[in-house]
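Heads up: the structure comes next, in structure tokens.
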Amino acid sequence: MKEFFEGIGKIAYEGPKSTNPLAFRYYNPDEIIGGKKMREQLKFALSYWHTMCGDGTDMFGRGTFVKTFGESEPMEVYKAKAYAAFELMDKLSVDYYCFHDRDIAPEAETLSESNSRLDEISDLLSDLMKKYDKKLLWGTANCFNHPRYMHGAGTAPNADVFAFAAAQIKKAIELTVKLGGKGYVFWGGREGYETLLNTDMGLELDNMARLMKMAVEYARSIGFDGDFYVEPKPKEPTKHQYDFDSATVIGFLRKNGLDKDFKLNIEANHATLAGHTFQHELRVARTEGMFGSIDANQGDMLIGWDTDQFPTNIYDTALCMYEVIKSGGFTNGGLNFDAKTRRGSFTPEDIVYAYIAGMDAFALGLRVAEKLIADGRIDSFVSDRYSSWNSGIGADIISGKAKMAELEKYALEKGEVAASCKSGRQEYLENVMNSIMFSL
Ligand code: XUL
Ligand code: CO
């Protein structure tokens, strides 16, 4: 069988001291950390769009990376992508993958021909999944690339476009079910607006909810028992995306009665584009019981767009894994690398180096997060900081016993309370974090 990542063997765990560039230093898939194998704690997934399709094209230049995998006929190219994807997952010990419909098979002239192509390639994917023992983390539909979606899909001003998007999503849900995926993602694509001068925002938002409800109803009717996800993003490609951030999405889901079927797929670079930290977005989802899955990447803080870089910042991966552990770990979700190599990193080895870097960054993040929790200093500082709510007036407020009149009486009797304030100790806590990170 043809080898696409030639000369690269199975990437082994060699421990932190290894200088072998083609080895893991922190990711040891079957090592037990926090009571579970690392591969189950992290549930790494390959993003088909960046890894198998992205060729480095940007607004100023053509692709730098040939992703035709030695073929020229469109369907043959896409079959080769499938073989290459599974070879790569096997070599990297990545257990899951994710795709948009158009990543796995090229769109044809008609919807029915596009659908038959999807049937053909998904049969191949199904065989490869069995052969390599790999799973589908989630599926989705690309309702943003084709010109028909220039004004959006579920939020398009034109009903024909909405219907076409619904047809595409129906098929993508069928594929997800066929391949045993436990997640289905709605990322806004072009669901947003450029100017309110031509936009009926209320109708667009209601229509988006209509589309999601139809999707849930249909998916459940064909046996999908996984989670739906919305992936928040504040901008790009539209100036204002409706799924701005976690808080906005949760409000939308609750308003429309979608919160039992949907959770959030949080992407690190989308969080920072919204002016939030990655951890903030995860914490909002966790606090609201809506945490589902993660698109793991990082942005460049000096750049205002979505750079989708492989994650290497351990501070962020550690605080991310802290939130994941505190959420009870992944159930149907996982860590998808929605990340691409830089335009100048255009060789097959670069893809392997990139995944090793991202996987090791998250594996180290997991190790730090477990240590942070076992150490307990930060958690106990936080619980102590809120200890006045456990008894006395605090407990009476929480139980509902103390109302405005009782609180006024309490305050009048107590007098000035500035002395009740204690230091937030931010610098001390940041130093605790550093000491835990660097004592490994
Ligand atoms: C775009 C993005 C998407 C979603 C899936 O910014 O993150 O690739 O993850 O549609
Ligand atoms: Co994403």
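Residue numbering restarts at 1 for every chain of the structure tokens, chains are lettered A, B, ... in their displayed order, and ligands are numbered from 1 as they appear.
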Do you know which residues are at most 12 Å from Arg148 (chain A) counting only C-alpha atoms, after dropping those on the same chain fewer than 4 positions away, and could you put them as an MDAnalysis selection string? chainID A and resid 142:144 152:154 156:165 190
Atoms kept (all heavy atoms) for selection, written as a compact mmCIF listing (two decimals), in the first residue's frame:
```
# COMPACT_ATOMS: atom_id res chain seq x y z
N ASN A 142 -20.35 21.98 5.41
CA ASN A 142 -19.73 23.25 5.03
C ASN A 142 -20.78 24.09 4.32
O ASN A 142 -21.05 23.91 3.13
CB ASN A 142 -18.53 22.98 4.11
CG ASN A 142 -17.83 24.27 3.70
OD1 ASN A 142 -18.47 25.31 3.57
ND2 ASN A 142 -16.53 24.21 3.47
N CYS A 143 -21.40 24.99 5.06
CA CYS A 143 -22.43 25.87 4.50
C CYS A 143 -21.90 27.30 4.48
O CYS A 143 -22.59 28.24 4.92
CB CYS A 143 -23.72 25.77 5.31
SG CYS A 143 -24.52 24.17 5.19
N PHE A 144 -20.66 27.44 4.03
CA PHE A 144 -20.09 28.79 3.98
C PHE A 144 -19.16 29.02 2.79
O PHE A 144 -18.88 30.15 2.42
CB PHE A 144 -19.31 29.11 5.28
CG PHE A 144 -18.42 27.99 5.77
CD1 PHE A 144 -17.11 27.87 5.33
CD2 PHE A 144 -18.91 27.05 6.67
CE1 PHE A 144 -16.29 26.85 5.78
CE2 PHE A 144 -18.10 26.01 7.12
CZ PHE A 144 -16.79 25.90 6.68
N GLY A 152 -25.12 33.92 4.00
CA GLY A 152 -25.43 33.02 5.11
C GLY A 152 -26.16 31.79 4.62
O GLY A 152 -26.45 31.64 3.42
N ALA A 153 -26.44 30.87 5.54
CA ALA A 153 -27.14 29.62 5.18
C ALA A 153 -28.46 29.58 5.97
O ALA A 153 -29.51 29.95 5.44
CB ALA A 153 -26.25 28.43 5.51
N GLY A 154 -28.39 29.22 7.24
CA GLY A 154 -29.60 29.25 8.08
C GLY A 154 -30.11 30.66 8.29
O GLY A 154 -31.30 30.87 8.60
N ALA A 156 -29.79 33.02 5.86
CA ALA A 156 -29.83 33.67 4.54
C ALA A 156 -31.13 34.45 4.38
O ALA A 156 -32.17 34.01 4.88
CB ALA A 156 -29.72 32.62 3.45
N PRO A 157 -31.09 35.56 3.67
CA PRO A 157 -32.34 36.30 3.43
C PRO A 157 -33.27 35.56 2.47
O PRO A 157 -34.46 35.88 2.38
CB PRO A 157 -31.87 37.63 2.83
CG PRO A 157 -30.48 37.38 2.33
CD PRO A 157 -29.91 36.27 3.15
N ASN A 158 -32.75 34.56 1.77
CA ASN A 158 -33.53 33.87 0.74
C ASN A 158 -33.86 32.44 1.18
O ASN A 158 -32.98 31.68 1.57
CB ASN A 158 -32.68 33.85 -0.54
CG ASN A 158 -33.44 33.25 -1.69
OD1 ASN A 158 -33.75 32.07 -1.69
ND2 ASN A 158 -33.76 34.07 -2.67
N ALA A 159 -35.16 32.08 1.07
CA ALA A 159 -35.62 30.78 1.57
C ALA A 159 -35.04 29.60 0.77
O ALA A 159 -34.87 28.51 1.31
CB ALA A 159 -37.14 30.72 1.55
N ASP A 160 -34.76 29.81 -0.54
CA ASP A 160 -34.17 28.72 -1.33
C ASP A 160 -32.81 28.30 -0.76
O ASP A 160 -32.47 27.12 -0.73
CB ASP A 160 -33.95 29.15 -2.79
CG ASP A 160 -35.26 29.26 -3.56
OD1 ASP A 160 -36.30 28.81 -3.02
OD2 ASP A 160 -35.24 29.80 -4.68
N VAL A 161 -32.06 29.31 -0.36
CA VAL A 161 -30.72 29.02 0.18
C VAL A 161 -30.86 28.27 1.51
O VAL A 161 -30.14 27.30 1.78
CB VAL A 161 -29.91 30.34 0.36
CG1 VAL A 161 -28.57 30.06 1.01
CG2 VAL A 161 -29.72 31.03 -0.99
N PHE A 162 -31.81 28.70 2.33
CA PHE A 162 -32.07 28.01 3.60
C PHE A 162 -32.39 26.53 3.32
O PHE A 162 -31.86 25.63 3.98
CB PHE A 162 -33.26 28.69 4.30
CG PHE A 162 -33.63 28.10 5.63
CD1 PHE A 162 -33.25 28.73 6.82
CD2 PHE A 162 -34.41 26.94 5.73
CE1 PHE A 162 -33.60 28.20 8.06
CE2 PHE A 162 -34.77 26.40 6.96
CZ PHE A 162 -34.36 27.04 8.13
N ALA A 163 -33.25 26.28 2.33
CA ALA A 163 -33.66 24.91 2.01
C ALA A 163 -32.45 24.08 1.54
O ALA A 163 -32.29 22.92 1.92
CB ALA A 163 -34.74 24.91 0.94
N PHE A 164 -31.60 24.70 0.73
CA PHE A 164 -30.41 23.98 0.24
C PHE A 164 -29.50 23.61 1.42
O PHE A 164 -29.00 22.48 1.51
CB PHE A 164 -29.65 24.84 -0.78
CG PHE A 164 -28.77 24.03 -1.68
CD1 PHE A 164 -29.17 23.74 -2.99
CD2 PHE A 164 -27.55 23.54 -1.24
CE1 PHE A 164 -28.35 22.98 -3.83
CE2 PHE A 164 -26.74 22.77 -2.08
CZ PHE A 164 -27.13 22.49 -3.38
N ALA A 165 -29.32 24.57 2.32
CA ALA A 165 -28.48 24.30 3.50
C ALA A 165 -29.09 23.17 4.33
O ALA A 165 -28.37 22.28 4.80
CB ALA A 165 -28.35 25.57 4.35
N ARG A 190 -21.20 31.63 7.66
CA ARG A 190 -21.52 33.03 7.37
C ARG A 190 -22.80 33.48 8.05
O ARG A 190 -23.52 34.34 7.53
CB ARG A 190 -21.58 33.24 5.85
CG ARG A 190 -20.22 33.04 5.23
CD ARG A 190 -20.18 33.30 3.75
NE ARG A 190 -18.91 32.79 3.24
CZ ARG A 190 -17.78 33.51 3.21
NH1 ARG A 190 -17.77 34.75 3.63
NH2 ARG A 190 -16.67 32.96 2.76
```
If we count only C-alpha atoms and set the cut-off at 10 Å, which residues sit around region 353-356 of chain A, ignoring sequence neighbours fewer than 2 positions away in its own chain? Please answer as a PyMOL selection string. chain A and resi 11+21-27+44+46+51+88-89+92+94+309-312+337+339-342+345+348-351+358-362
Against ligand 2, which residues of chain A fall within 6 Å? For each one I want the closest pair of atoms and the distance in Å (one decimal), counting only C-alpha atoms and all ligand atoms, rows by chain and increasing residue number, as JSON lines.
```
{"residue": "A:Glu267", "atom": "CA", "partner": "ligand 2", "partner_atom_place_in_ligand_line": "1 (Co)", "distance": 5.6}
{"residue": "A:Asp295", "atom": "CA", "partner": "ligand 2", "partner_atom_place_in_ligand_line": "1 (Co)", "distance": 5.2}
{"residue": "A:Asp338", "atom": "CA", "partner": "ligand 2", "partner_atom_place_in_ligand_line": "1 (Co)", "distance": 5.2}
```
With N, CA, C and O atoms retained, export the selected residues as a compact mmCIF listing (two decimals), in the first residue's frame.
```
# COMPACT_ATOMS: atom_id res chain seq x y z
N GLU A 267 -13.59 26.90 20.81
CA GLU A 267 -12.31 26.99 20.10
C GLU A 267 -11.45 28.07 20.72
O GLU A 267 -11.88 29.21 20.90
N ASP A 295 -12.18 22.78 20.12
CA ASP A 295 -11.32 22.92 18.95
C ASP A 295 -10.02 23.52 19.47
O ASP A 295 -9.97 24.69 19.87
N ASP A 338 -8.28 21.95 15.41
CA ASP A 338 -8.70 22.83 14.31
C ASP A 338 -7.54 23.79 14.06
O ASP A 338 -7.60 24.98 14.36
```
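Pocket residues of ligand 1, taken as those with any atom at most 8 Å away using only C-alpha atoms and all ligand atoms, are Trp49, Phe99, His100, Thr140, Ala141, Asn142, Val185, Phe186, Trp187, Gly188, Gly189, Glu231, Lys233, Glu236, Glu267, His270, Asp295, Asp306, Asp308 and Asp338 of chain A.
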Would you export the selected residues with N, CA and C atoms as a tab-separated table (two decimals), in the first residue's frame, please?
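Wrote it out as again20.tsv, contents follow:
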```tsv
chain	number	residue	atom	x	y	z
A	49	TRP	N	-10.26	19.13	7.42
A	49	TRP	CA	-10.18	20.29	6.51
A	49	TRP	C	-8.79	20.89	6.47
A	99	PHE	N	-14.91	16.05	10.31
A	99	PHE	CA	-14.93	16.59	8.95
A	99	PHE	C	-16.17	17.43	8.68
A	100	HIS	N	-16.04	18.28	7.64
A	100	HIS	CA	-17.20	18.88	6.98
A	100	HIS	C	-17.48	17.97	5.79
A	140	THR	N	-19.95	17.67	10.33
A	140	THR	CA	-20.63	18.95	10.11
A	140	THR	C	-20.77	19.18	8.60
A	141	ALA	N	-21.51	20.23	8.25
A	141	ALA	CA	-21.69	20.58	6.83
A	141	ALA	C	-21.00	21.90	6.55
A	142	ASN	N	-20.35	21.98	5.41
A	142	ASN	CA	-19.73	23.25	5.03
A	142	ASN	C	-20.78	24.09	4.32
A	185	VAL	N	-21.68	19.35	14.69
A	185	VAL	CA	-21.34	20.76	14.97
A	185	VAL	C	-22.05	21.75	14.05
A	186	PHE	N	-22.54	22.81	14.67
A	186	PHE	CA	-22.94	23.99	13.92
A	186	PHE	C	-21.93	25.08	14.25
A	187	TRP	N	-21.08	25.38	13.28
A	187	TRP	CA	-20.26	26.60	13.41
A	187	TRP	C	-20.93	27.61	12.49
A	188	GLY	N	-21.04	28.82	12.92
A	188	GLY	CA	-21.81	29.85	12.22
A	188	GLY	C	-21.51	30.04	10.74
A	189	GLY	N	-20.31	29.66	10.27
A	189	GLY	CA	-20.01	29.92	8.87
A	189	GLY	C	-20.26	31.38	8.54
A	231	GLU	N	-20.44	26.15	17.87
A	231	GLU	CA	-19.06	26.59	18.07
A	231	GLU	C	-19.04	28.12	17.99
A	233	LYS	N	-18.06	32.01	17.69
A	233	LYS	CA	-17.00	32.80	17.06
A	233	LYS	C	-17.55	34.21	16.87
A	236	GLU	N	-15.44	37.10	11.54
A	236	GLU	CA	-14.71	36.37	10.52
A	236	GLU	C	-15.37	35.03	10.21
A	267	GLU	N	-13.59	26.90	20.81
A	267	GLU	CA	-12.31	26.99	20.10
A	267	GLU	C	-11.45	28.07	20.72
A	270	HIS	N	-11.07	31.32	18.74
A	270	HIS	CA	-12.33	32.09	18.69
A	270	HIS	C	-12.54	32.83	20.02
A	295	ASP	N	-12.18	22.78	20.12
A	295	ASP	CA	-11.32	22.92	18.95
A	295	ASP	C	-10.02	23.52	19.47
A	306	ASP	N	-8.31	34.83	12.67
A	306	ASP	CA	-8.24	33.46	13.13
A	306	ASP	C	-7.04	32.75	12.49
A	308	ASP	N	-5.54	29.97	13.61
A	308	ASP	CA	-5.64	28.50	13.73
A	308	ASP	C	-4.28	27.81	13.84
A	338	ASP	N	-8.28	21.95	15.41
A	338	ASP	CA	-8.70	22.83	14.31
A	338	ASP	C	-7.54	23.79	14.06
```
Within 12 Å of Ser420 (chain A), counting only C-alpha atoms, which residues qualify if same-chain residues fewer than 2 places away don't, as a list in words? Arg385, Tyr386, Ser387, Ser388, Lys414, Gly415, Glu416, Val417, Ala418, Lys422 and Ser423 of chain A
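One distance worth recording is that between CA of Leu264 (chain A) and CA of Phe86 (chain A), which is 27.0 Å.
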Judged by only C-alpha atoms, the minimum distance to Phe69 (chain A) among A:Lys263, A:Lys81, A:Lys182, A:Lys235 is found for A:Lys81
